[in-house]
>>> print(open('run03.cif').read())   # mmCIF, C-alpha atoms and all ligand atoms
data_input
loop_
_atom_site.label_atom_id
_atom_site.label_comp_id
_atom_site.auth_asym_id
_atom_site.auth_seq_id
_atom_site.Cartn_x
_atom_site.Cartn_y
_atom_site.Cartn_z
CA MET A 1 78.37 27.64 -12.37
CA PHE A 2 78.81 29.53 -15.65
CA PRO A 3 76.03 30.05 -18.16
CA THR A 4 76.27 27.38 -20.84
CA ASN A 5 77.82 28.74 -24.01
CA PHE A 6 75.31 27.56 -26.60
CA LYS A 7 76.75 30.01 -29.12
CA GLU A 8 80.12 28.27 -28.92
CA ARG A 9 78.44 24.90 -29.52
CA ARG A 10 76.68 26.21 -32.63
CA GLU A 11 79.94 27.69 -33.91
CA LYS A 12 81.72 24.41 -33.32
CA LEU A 13 79.08 22.58 -35.34
CA LEU A 14 79.16 25.25 -38.05
CA ASN A 15 82.92 24.83 -38.33
CA THR A 16 82.46 21.17 -39.25
CA LEU A 17 80.02 22.14 -42.03
CA THR A 18 81.62 23.16 -45.32
CA ASP A 19 79.27 24.44 -48.03
CA ALA A 20 76.48 23.02 -45.90
CA ILE A 21 73.25 24.11 -44.27
CA ALA A 22 71.95 22.33 -41.15
CA ILE A 23 68.30 22.33 -40.12
CA ILE A 24 67.57 21.15 -36.57
CA PRO A 25 63.90 21.22 -35.51
CA GLY A 26 62.94 21.22 -31.84
CA ALA A 27 60.23 18.90 -30.54
CA THR A 28 56.50 19.46 -30.90
CA HIS A 29 53.70 18.48 -28.55
CA VAL A 30 52.58 14.85 -28.75
CA THR A 31 48.89 13.98 -28.33
CA LYS A 32 48.12 11.73 -25.38
CA SER A 33 44.41 11.39 -26.11
CA HIS A 34 41.84 13.55 -27.91
CA ASP A 35 42.90 17.09 -26.98
CA THR A 36 45.34 16.37 -24.16
CA GLU A 37 49.08 16.12 -24.64
CA TYR A 38 52.04 14.39 -23.02
CA PRO A 39 54.25 16.75 -21.01
CA PHE A 40 56.45 18.61 -23.50
CA ARG A 41 59.99 17.26 -23.87
CA GLN A 42 62.45 19.23 -25.98
CA ASN A 43 64.55 17.48 -28.64
CA SER A 44 67.95 16.84 -27.04
CA ASN A 45 70.09 17.98 -29.99
CA PHE A 46 68.06 21.17 -30.34
CA LYS A 47 68.33 21.77 -26.60
CA TYR A 48 72.08 21.16 -26.70
CA LEU A 49 72.56 23.81 -29.39
CA THR A 50 70.12 26.47 -28.17
CA GLY A 51 69.14 25.91 -24.53
CA PHE A 52 65.64 26.89 -25.72
CA ASN A 53 62.75 24.95 -24.31
CA GLU A 54 59.72 25.94 -26.39
CA PRO A 55 57.96 23.59 -28.81
CA ASP A 56 57.74 24.07 -32.61
CA SER A 57 61.07 25.89 -32.94
CA ILE A 58 63.63 25.31 -35.71
CA LEU A 59 67.35 26.11 -35.72
CA VAL A 60 69.05 26.74 -39.06
CA LEU A 61 72.84 27.01 -39.44
CA THR A 62 74.05 28.40 -42.75
CA SER A 63 77.55 28.59 -44.19
CA TYR A 64 76.77 30.40 -47.48
CA PRO A 65 77.13 33.24 -48.09
CA ASP A 66 77.81 33.74 -44.36
CA LYS A 67 78.07 31.53 -41.30
CA LYS A 68 74.89 32.28 -39.36
CA SER A 69 72.59 30.86 -36.70
CA ILE A 70 68.93 31.51 -37.41
CA LEU A 71 66.17 30.55 -35.03
CA PHE A 72 62.48 30.19 -35.84
CA VAL A 73 60.20 30.43 -32.79
CA ARG A 74 56.49 30.69 -32.06
CA GLU A 75 54.98 34.13 -32.45
CA LYS A 76 53.88 36.13 -29.40
CA ASP A 77 50.12 35.61 -29.09
CA PRO A 78 48.32 36.89 -25.97
CA PHE A 79 45.28 34.71 -26.64
CA MET A 80 47.25 31.48 -27.07
CA GLU A 81 49.55 32.39 -24.19
CA MET A 82 46.53 32.77 -21.91
CA TRP A 83 45.49 29.21 -22.76
CA SER A 84 48.75 27.34 -23.04
CA GLY A 85 51.63 29.27 -21.56
CA ARG A 86 54.08 32.10 -22.18
CA ARG A 87 56.10 32.40 -25.37
CA MET A 88 59.43 34.16 -25.73
CA GLY A 89 58.73 35.40 -29.27
CA PRO A 90 61.33 36.30 -31.92
CA ASP A 91 62.40 39.69 -30.47
CA LYS A 92 63.24 38.43 -26.99
CA ALA A 93 64.77 35.26 -28.46
CA LEU A 94 67.16 37.39 -30.52
CA GLU A 95 68.17 39.27 -27.40
CA ILE A 96 68.54 36.29 -25.07
CA LEU A 97 69.68 33.36 -27.21
CA GLU A 98 72.59 35.04 -29.01
CA VAL A 99 71.59 33.80 -32.47
CA ASP A 100 72.16 36.03 -35.49
CA GLU A 101 68.55 36.25 -36.63
CA THR A 102 65.13 35.17 -35.36
CA TYR A 103 61.80 34.84 -37.15
CA THR A 104 58.40 33.42 -36.35
CA VAL A 105 58.09 29.77 -37.28
CA GLU A 106 55.28 30.64 -39.73
CA LYS A 107 57.97 32.26 -41.90
CA PHE A 108 60.04 29.05 -42.08
CA PRO A 109 58.78 27.63 -45.44
CA GLU A 110 59.23 30.97 -47.20
CA MET A 111 62.61 31.75 -45.59
CA ILE A 112 64.13 28.29 -45.99
CA GLU A 113 63.57 28.48 -49.75
CA LYS A 114 66.11 31.36 -49.82
CA LEU A 115 68.41 29.99 -47.14
CA LEU A 116 68.93 26.65 -48.90
CA LEU A 117 70.35 28.31 -52.01
CA GLY A 118 74.10 28.23 -52.56
CA HIS A 119 74.65 25.27 -50.19
CA GLU A 120 76.05 22.04 -51.64
CA LYS A 121 74.94 19.90 -48.72
CA LEU A 122 71.94 19.66 -46.44
CA TYR A 123 72.34 18.25 -42.91
CA MET A 124 69.19 17.16 -41.09
CA ASP A 125 67.91 14.37 -38.88
CA LEU A 126 67.06 12.09 -41.83
CA PHE A 127 65.38 9.43 -39.68
CA ASP A 128 63.17 11.02 -37.06
CA GLU A 129 61.98 14.34 -38.51
CA PRO A 130 59.84 13.04 -41.39
CA LYS A 131 57.56 16.09 -41.56
CA THR A 132 60.20 18.83 -41.70
CA PHE A 133 62.51 16.70 -43.83
CA ALA A 134 59.75 16.01 -46.40
CA MET A 135 58.96 19.71 -46.56
CA VAL A 136 62.61 20.71 -47.07
CA ARG A 137 63.19 17.90 -49.58
CA ASP A 138 60.18 19.02 -51.65
CA ILE A 139 61.48 22.60 -51.66
CA CYS A 140 64.92 21.31 -52.78
CA LYS A 141 63.24 19.32 -55.55
CA LYS A 142 61.34 22.36 -56.77
CA LEU A 143 64.49 24.53 -56.72
CA TYR A 144 66.66 21.80 -58.27
CA HIS A 145 64.93 22.14 -61.61
CA ARG A 146 65.50 25.86 -61.67
CA LYS A 147 69.22 25.87 -60.87
CA LYS A 148 71.54 28.00 -62.97
CA THR A 149 74.31 29.35 -60.76
CA ARG A 150 75.61 28.34 -57.36
CA ALA A 151 73.67 31.16 -55.77
CA SER A 152 70.44 29.82 -57.24
CA SER A 153 71.06 26.10 -56.59
CA PRO A 154 69.71 24.07 -53.65
CA PRO A 155 71.69 21.33 -51.83
CA LYS A 156 72.11 18.15 -53.87
CA ASN A 157 73.59 16.02 -51.11
CA PHE A 158 71.68 15.10 -47.99
CA PHE A 159 73.48 14.00 -44.81
CA HIS A 160 72.38 12.83 -41.36
CA VAL A 161 73.28 15.61 -38.92
CA ASN A 162 72.90 13.56 -35.73
CA PRO A 163 76.33 11.88 -35.72
CA LEU A 164 78.04 15.29 -35.77
CA ILE A 165 76.12 16.47 -32.71
CA GLU A 166 76.44 13.09 -30.97
CA LYS A 167 80.22 13.38 -31.16
CA MET A 168 80.07 16.85 -29.63
CA ARG A 169 77.84 15.58 -26.82
CA LEU A 170 80.19 12.72 -25.81
CA VAL A 171 82.45 14.78 -23.54
CA LYS A 172 80.49 16.71 -20.94
CA ASP A 173 81.46 20.23 -19.90
CA GLN A 174 81.57 21.50 -16.31
CA ASN A 175 77.95 22.72 -16.43
CA GLU A 176 76.63 19.43 -17.73
CA ILE A 177 78.53 17.55 -15.02
CA GLN A 178 77.18 19.95 -12.41
CA PHE A 179 73.56 19.45 -13.58
CA MET A 180 73.97 15.70 -13.18
CA LYS A 181 75.65 16.03 -9.79
CA THR A 182 72.82 18.27 -8.62
CA ALA A 183 70.20 15.85 -9.95
CA MET A 184 72.01 13.07 -8.06
CA ILE A 185 71.23 14.78 -4.73
CA ALA A 186 67.50 14.13 -5.23
CA THR A 187 68.15 10.69 -6.72
CA ASN A 188 70.13 9.72 -3.61
CA LYS A 189 67.44 11.04 -1.31
CA ALA A 190 64.66 9.26 -3.20
CA HIS A 191 66.47 5.89 -3.19
CA ARG A 192 67.20 6.21 0.52
CA ALA A 193 63.57 7.17 1.21
CA ALA A 194 62.39 4.15 -0.81
CA MET A 195 64.59 1.85 1.27
CA ALA A 196 63.12 3.37 4.43
CA LEU A 197 59.49 3.19 3.28
CA ALA A 198 59.50 -0.32 1.81
CA ALA A 199 57.92 -2.92 4.09
CA PRO A 200 55.71 -5.99 3.70
CA GLY A 201 52.14 -4.83 2.95
CA ARG A 202 53.22 -1.57 1.28
CA ASN A 203 52.78 -1.29 -2.49
CA GLU A 204 55.18 -0.53 -5.35
CA LYS A 205 52.81 2.39 -6.04
CA GLU A 206 53.60 4.05 -2.72
CA ILE A 207 57.34 3.76 -3.31
CA ASN A 208 56.84 5.22 -6.78
CA ALA A 209 54.79 8.14 -5.46
CA LEU A 210 57.34 8.96 -2.75
CA MET A 211 60.21 8.91 -5.25
CA GLN A 212 58.29 11.12 -7.70
CA TYR A 213 57.68 13.58 -4.88
CA LEU A 214 61.37 13.70 -3.99
CA PHE A 215 62.37 13.91 -7.67
CA THR A 216 60.40 17.13 -8.07
CA LYS A 217 60.52 18.67 -4.61
CA ASP A 218 63.95 20.30 -4.51
CA LEU A 219 66.30 21.14 -7.38
CA SER A 220 65.52 18.21 -9.65
CA GLN A 221 62.76 18.42 -12.23
CA GLY A 222 61.19 14.98 -12.24
CA ASN A 223 62.13 11.51 -13.39
CA ALA A 224 64.52 11.15 -16.31
CA TYR A 225 62.68 8.00 -17.47
CA ASP A 226 59.81 5.84 -16.23
CA ASN A 227 60.64 4.56 -12.75
CA ILE A 228 61.01 0.80 -12.43
CA ILE A 229 59.77 -0.28 -8.98
CA ALA A 230 59.92 -4.05 -9.28
CA SER A 231 59.41 -6.33 -6.31
CA GLY A 232 60.02 -10.08 -6.24
CA ASP A 233 59.74 -11.78 -9.63
CA ASN A 234 58.83 -8.43 -11.30
CA ALA A 235 62.55 -7.59 -11.13
CA ASN A 236 63.05 -10.21 -13.84
CA ILE A 237 61.10 -8.02 -16.29
CA LEU A 238 63.82 -5.59 -17.34
CA HIS A 239 61.50 -2.70 -18.21
CA TYR A 240 58.75 -3.35 -15.67
CA ILE A 241 56.79 -0.12 -15.21
CA GLU A 242 53.41 -1.26 -13.88
CA ASN A 243 54.63 -0.43 -10.36
CA ASN A 244 51.46 -1.61 -8.63
CA ALA A 245 52.17 -4.88 -6.82
CA GLU A 246 52.04 -5.41 -3.09
CA LEU A 247 55.45 -5.79 -1.43
CA LYS A 248 55.89 -9.23 0.09
CA ASP A 249 57.89 -10.29 3.10
CA GLY A 250 61.05 -12.08 2.01
CA ASP A 251 61.09 -10.51 -1.47
CA LEU A 252 63.68 -8.15 -2.90
CA LEU A 253 62.75 -4.78 -4.38
CA LEU A 254 64.64 -3.59 -7.47
CA ILE A 255 64.38 0.15 -8.15
CA ASP A 256 65.76 1.66 -11.34
CA ALA A 257 64.96 5.37 -11.13
CA GLY A 258 66.75 8.68 -11.53
CA SER A 259 65.83 12.34 -11.46
CA GLU A 260 66.81 14.88 -14.10
CA LEU A 261 67.80 18.53 -14.14
CA ASN A 262 67.72 20.71 -17.26
CA LEU A 263 67.05 17.44 -19.12
CA TYR A 264 70.31 15.90 -17.82
CA ALA A 265 69.61 12.40 -16.53
CA THR A 266 70.74 10.30 -13.63
CA ASP A 267 70.15 6.56 -13.96
CA ILE A 268 70.45 4.54 -10.77
CA THR A 269 69.46 1.03 -9.73
CA ARG A 270 69.47 -0.41 -6.25
CA THR A 271 68.10 -3.74 -5.04
CA PHE A 272 67.23 -4.31 -1.39
CA PRO A 273 65.06 -6.54 0.82
CA VAL A 274 61.45 -5.44 1.37
CA ASN A 275 61.72 -6.37 5.06
CA GLY A 276 65.15 -4.77 5.45
CA LYS A 277 67.23 -7.96 5.88
CA PHE A 278 68.87 -9.99 3.10
CA THR A 279 68.39 -13.76 3.32
CA THR A 280 71.55 -15.88 2.96
CA VAL A 281 70.77 -16.77 -0.62
CA GLN A 282 69.80 -13.20 -1.58
CA ALA A 283 73.04 -11.93 -0.05
CA GLU A 284 75.01 -14.57 -1.94
CA VAL A 285 73.60 -13.49 -5.32
CA TYR A 286 73.84 -9.82 -4.35
CA GLU A 287 77.55 -10.09 -3.54
CA ILE A 288 78.22 -11.61 -6.96
CA VAL A 289 76.51 -8.72 -8.75
CA LEU A 290 78.26 -6.23 -6.46
CA GLU A 291 81.65 -7.75 -7.16
CA ALA A 292 80.94 -7.65 -10.90
CA GLN A 293 79.95 -3.99 -10.59
CA LYS A 294 83.05 -3.04 -8.61
CA THR A 295 85.26 -4.91 -11.07
CA ALA A 296 83.58 -3.04 -13.91
CA ILE A 297 84.12 0.33 -12.22
CA SER A 298 87.77 -0.52 -11.53
CA HIS A 299 88.30 -0.55 -15.31
CA ALA A 300 86.84 2.94 -15.72
CA TRP A 301 89.77 5.07 -16.79
CA ILE A 302 90.96 6.99 -19.82
CA GLY A 303 91.63 4.74 -22.82
CA ARG A 304 89.33 1.89 -21.77
CA THR A 305 86.06 1.12 -23.55
CA LEU A 306 82.51 0.12 -22.58
CA LYS A 307 83.13 -3.19 -24.35
CA GLU A 308 86.13 -3.98 -22.12
CA VAL A 309 84.15 -3.04 -19.02
CA HIS A 310 81.38 -5.38 -20.19
CA GLU A 311 83.78 -8.27 -20.80
CA HIS A 312 85.28 -8.01 -17.30
CA THR A 313 81.77 -7.87 -15.81
CA CYS A 314 80.64 -10.95 -17.72
CA ARG A 315 83.60 -12.97 -16.39
CA VAL A 316 82.77 -12.17 -12.76
CA LEU A 317 79.07 -12.91 -13.28
CA THR A 318 79.86 -16.17 -15.07
CA GLN A 319 82.14 -17.29 -12.23
CA GLY A 320 79.29 -16.43 -9.86
CA LEU A 321 76.81 -18.45 -11.90
CA ILE A 322 79.17 -21.44 -11.74
CA ASP A 323 79.53 -21.00 -7.95
CA LEU A 324 75.74 -20.90 -7.64
CA LYS A 325 75.57 -24.14 -9.68
CA VAL A 326 73.47 -22.42 -12.33
CA LEU A 327 76.14 -23.03 -14.96
CA LYS A 328 78.49 -25.99 -15.36
CA GLY A 329 82.01 -26.01 -16.79
CA SER A 330 84.67 -23.31 -16.90
CA VAL A 331 84.36 -19.53 -17.14
CA ASP A 332 85.98 -19.56 -20.59
CA GLU A 333 83.59 -22.21 -21.94
CA ASN A 334 80.56 -20.32 -20.67
CA ILE A 335 81.83 -17.02 -22.08
CA GLU A 336 82.52 -18.76 -25.40
CA THR A 337 78.98 -20.17 -25.64
CA ALA A 338 77.47 -16.99 -24.11
CA ALA A 339 75.54 -19.27 -21.72
CA PHE A 340 75.58 -16.49 -19.10
CA ARG A 341 73.39 -14.32 -21.36
CA LYS A 342 70.30 -16.24 -20.27
CA TYR A 343 70.75 -14.70 -16.80
CA TYR A 344 72.46 -11.44 -17.85
CA PRO A 345 70.90 -10.48 -21.18
CA HIS A 346 71.80 -6.75 -21.28
CA GLY A 347 74.93 -4.65 -21.61
CA THR A 348 76.94 -3.36 -18.67
CA GLY A 349 76.73 0.32 -19.49
CA HIS A 350 75.57 3.11 -21.77
CA TRP A 351 76.45 6.76 -22.19
CA LEU A 352 74.46 9.12 -19.99
CA GLY A 353 73.61 12.79 -20.47
CA LEU A 354 70.79 14.76 -22.09
CA ASP A 355 69.24 11.42 -22.95
CA VAL A 356 69.22 8.63 -20.42
CA HIS A 357 70.72 6.46 -23.15
CA ASP A 358 72.77 9.39 -24.34
CA GLN A 359 73.19 9.73 -28.08
CA ASN A 360 76.98 9.52 -28.17
CA PRO A 361 78.96 7.28 -30.51
CA TYR A 362 79.79 3.76 -29.31
CA GLN A 363 82.22 3.40 -32.21
CA THR A 364 84.48 5.75 -34.14
CA ASP A 365 84.06 6.43 -37.84
CA GLU A 366 86.61 3.62 -38.31
CA TYR A 367 84.34 1.16 -36.45
CA GLU A 368 86.61 1.00 -33.41
CA GLU A 369 85.26 1.11 -29.88
CA THR A 370 84.99 4.65 -28.48
CA LYS A 371 87.68 5.08 -25.83
CA PHE A 372 86.94 6.73 -22.50
CA GLU A 373 88.24 10.27 -22.21
CA ASP A 374 88.16 12.92 -19.52
CA GLY A 375 84.53 14.08 -19.16
CA VAL A 376 82.56 11.13 -20.53
CA ILE A 377 79.76 9.78 -18.31
CA PHE A 378 78.27 6.31 -18.44
CA THR A 379 76.38 3.78 -16.36
CA VAL A 380 77.72 0.54 -14.88
CA GLU A 381 74.82 -1.81 -14.26
CA PRO A 382 75.39 -5.55 -14.04
CA GLY A 383 72.56 -7.79 -12.92
CA LEU A 384 71.45 -11.38 -12.51
CA TYR A 385 67.91 -12.49 -13.27
CA PHE A 386 66.40 -15.75 -12.11
CA PRO A 387 62.71 -15.88 -13.15
CA LYS A 388 60.29 -17.79 -10.97
CA SER A 389 59.07 -19.72 -14.02
CA ASP A 390 62.52 -21.11 -14.91
CA ALA A 391 62.32 -24.72 -13.70
CA THR A 392 65.91 -25.38 -14.79
CA LEU A 393 67.19 -23.13 -11.97
CA PRO A 394 67.89 -24.35 -8.42
CA GLU A 395 64.61 -23.72 -6.63
CA HIS A 396 65.98 -21.42 -3.94
CA LEU A 397 67.21 -18.96 -6.62
CA ARG A 398 63.91 -18.64 -8.50
CA GLY A 399 62.26 -15.24 -8.24
CA ILE A 400 65.46 -13.34 -7.47
CA GLY A 401 66.34 -10.43 -9.75
CA ILE A 402 69.20 -8.09 -8.85
CA ARG A 403 70.76 -5.11 -10.62
CA ILE A 404 73.16 -2.50 -9.20
CA GLU A 405 73.75 0.65 -11.26
CA ASP A 406 76.00 3.65 -10.70
CA ASN A 407 76.90 6.65 -12.88
CA ILE A 408 80.59 7.07 -13.59
CA LEU A 409 82.45 10.19 -14.75
CA ILE A 410 85.87 9.64 -16.31
CA THR A 411 88.45 12.09 -14.99
CA GLN A 412 92.09 12.86 -15.69
CA ASN A 413 93.18 10.59 -12.82
CA GLY A 414 90.69 7.76 -13.20
CA HIS A 415 87.03 8.21 -12.45
CA GLU A 416 84.48 9.66 -10.08
CA ASN A 417 81.45 7.61 -9.06
CA LEU A 418 78.71 10.25 -9.14
CA SER A 419 76.37 7.99 -7.16
CA ALA A 420 78.84 6.75 -4.56
CA MET A 421 76.68 8.22 -1.77
CA ILE A 422 73.74 5.91 -2.48
CA PRO A 423 73.87 2.80 -0.23
CA LYS A 424 75.24 -0.23 -2.05
CA GLU A 425 77.06 -2.46 0.46
CA ILE A 426 74.74 -4.93 2.23
CA LYS A 427 75.44 -3.34 5.61
CA GLU A 428 74.74 0.20 4.31
CA ILE A 429 71.51 -0.95 2.67
CA GLU A 430 70.23 -2.69 5.80
CA GLU A 431 70.96 0.48 7.78
CA ALA A 432 69.14 2.61 5.21
CA CYS A 433 66.15 0.22 5.30
CA ALA A 434 65.91 0.66 9.06
CA LYS A 435 65.44 4.47 8.82
CA ASP A 436 62.17 6.36 9.09
CA TYR A 437 61.05 7.56 5.62
CA LYS A 438 59.50 10.70 7.16
CA GLU A 439 62.93 12.23 7.71
CA PHE A 440 63.24 12.52 3.90
CA LEU A 441 60.04 14.55 3.62
CA LEU A 442 61.45 17.59 5.40
MN MN A 501 70.78 2.44 -17.25
#
>>> encode(input="run03.cif", output="structure tokens")
Amino acid sequence: MFPTNFKERREKLLNTLTDAIAIIPGATHVTKSHDTEYPFRQNSNFKYLTGFNEPDSILVLTSYPDKKSILFVREKDPFMEMWSGRRMGPDKALEILEVDETYTVEKFPEMIEKLLLGHEKLYMDLFDEPKTFAMVRDICKKLYHRKKTRASSPPKNFFHVNPLIEKMRLVKDQNEIQFMKTAMIATNKAHRAAMALAAPGRNEKEINALMQYLFTKDLSQGNAYDNIIASGDNANILHYIENNAELKDGDLLLIDAGSELNLYATDITRTFPVNGKFTTVQAEVYEIVLEAQKTAISHAWIGRTLKEVHEHTCRVLTQGLIDLKVLKGSVDENIETAAFRKYYPHGTGHWLGLDVHDQNPYQTDEYEETKFEDGVIFTVEPGLYFPKSDATLPEHLRGIGIRIEDNILITQNGHENLSAMIPKEIKEIEEACAKDYKEFLL
């Protein structure tokens, strides 16, 4: 693995900025309650451009009079560091992070007043950085009334910087792919361990705890998003995160959980029987979802789009719903009326990367679907959901919820399924369920 070239990324962004200054703040701590905080999570765009993982930092890219990367970081402070952790400080940051200049973040308001001058345009996150944006806007307003020459004028045009970075983040480089492949090792192990541990009388909580352990034990660094450990009818709640119900004999268990590494996410769903054996009806529904998923993946190649993948998936699921006597009529009619959406209400895939729903464009600037290219990564996750409370469904289907999700990398010759090693065929799953979970603890 090579060290990620953050400098090159900043230069690439700078090259798209003419007469513009970009201000990209990192994340700050978020209060959980009173004086405790949620675990710190860096802003993905800031991380992508700096690799720096400390809170309260700000990256500034200037193009006038020179193209420069300037980073504002927290000051070294032995007292604060004793309480809340080590800080790199501006001197070390200058040495390590290959930016042109570094300052303490306390200097930001004073420095930005000078840095803004001479730039026609300001690029910032206009939607989700209200505090920093308001501060910069007020400085621009103050300077605006004083303008005389270019060199003494602030930006007059404000633009949203995120789309520029989102485009850059669409195609993953070799390091990014490697982070996700490495994270997938723990994700595979945790899903297999969950299949082995699940049994009637166990609790969703225990499965959750075991997966969290395996997500942090080796190279991965925790869960990329809240684990969904949904048994029985809970699987019909798409974002079920209570994870505290007892596992019942005869129920399925849907697990949507993935570990992350260096903030790069994996996002995997498997559905399997609590007691290790699919019933006939569970297997019948499962095979429909599996066929839809394989069909979707078979369309994963350069030039295709997520929308096309979704359309193929919906056709297979709709045929399945007709076979199950949930829907009446032809596939075309049911696609036309979107009747299938009652049982498959979500999309088939999303981009995956630094964010689990990676911030990459779904459409081009011309409002056309983004085409797959070598190095994009996305999920393929069809499902069927039959809630217990839906009296219009055949009774034997009620309470079944199934989703199967893999992570797909588009390559020059087609695609690579990054999660192909995680059991998915009925036979593989039943074998994995029959294992002893303790072998995954070693
Ligand atoms: Mn997903």
>>> atom_distance(input="run03.cif", atom1="atom CA of A:Pro25", atom2="atom CA of A:His145")
26.1 Å
>>> atom_distance(input="run03.cif", atom1="atom CA of A:Ala292", atom2="atom CA of A:Thr318")
9.5 Å
>>> residues_near_ligand(input="run03.cif", ligand="ligand MN 501 (chain A)", cutoff="8 Å", atoms="all atoms listed in the file", output="PyMOL selection string")
chain A and resi 256+267-269+349-350+356-357+379-381+405
>>> closest_residue(input="run03.cif", among="A:Ser330, A:Thr36, A:Thr4, A:Asn243", to="A:Leu97", atoms="only C-alpha atoms")
A:Thr4
>>> closest_atom_pairs(input="run03.cif", of="stretch 319-358 of chain A", to="stretch 386-398 of chain A", cutoff="9 Å", atoms="only C-alpha atoms", output="Markdown table")
| residue | atom | partner | partner_atom | distance |
| --- | --- | --- | --- | --- |
| A:Leu324 | CA | A:Pro394 | CA | 8.6 |
| A:Lys325 | CA | A:Pro394 | CA | 7.8 |
| A:Val326 | CA | A:Leu393 | CA | 6.3 |
| A:Tyr343 | CA | A:Phe386 | CA | 6.5 |
>>> closest_residue(input="run03.cif", among="A:Tyr64, A:Phe272, A:Phe6, A:Phe278", to="A:Ser231", atoms="all atoms listed in the file")
A:Phe272
>>> closest_residue(input="run03.cif", among="A:Arg10, A:Arg41, A:Ser153, A:Asp56", to="A:Lys68", atoms="only C-alpha atoms")
A:Arg10
>>> atom_distance(input="run03.cif", atom1="atom CA of A:Ala434", atom2="atom CA of A:Gly276")
6.6 Å
>>> closest_residue(input="run03.cif", among="A:Leu263, A:Val136, A:Leu61, A:Ile404", to="A:Asn43", atoms="all atoms listed in the file")
A:Leu263
>>> residues_around(input="run03.cif", residues="A:Tyr362", least_positions_apart="5", cutoff="10 Å", atoms="only C-alpha atoms", output="list in words")
Lys167, Leu170, Thr305, Leu306, Lys307, His350, Trp351, Tyr367, Glu368, Glu369, Thr370 and Lys371 of chain A
>>> residues_around(input="run03.cif", residues="A:Asp77", least_positions_apart="2", cutoff="12 Å", atoms="only C-alpha atoms", output="PyMOL selection string")
chain A and resi 73-75+79-90+104
>>> closest_residue(input="run03.cif", among="A:Arg9, A:Arg315, A:His160, A:Lys181", to="A:Lys121", atoms="all atoms listed in the file")
A:His160
>>> closest_residue(input="run03.cif", among="A:Gly250, A:Leu442, A:Leu238, A:Glu431", to="A:Ala196", atoms="only C-alpha atoms")
A:Glu431
>>> axis_aligned_box(input="run03.cif", around="stretch 189-208 of chain A", padding_each_side="4 Å", output="lines of an AutoDock Vina configuration file")
center_x = 59.8
center_y = 2.5
center_z = -1.2
size_x = 23.3
size_y = 25.0
size_z = 19.2
>>> residues_around(input="run03.cif", residues="A:Ala224", least_positions_apart="6", cutoff="10 Å", atoms="all atoms listed in the file", output="number ranges by chain")
A: 183, 215, 257-261, 263-267, 354-356
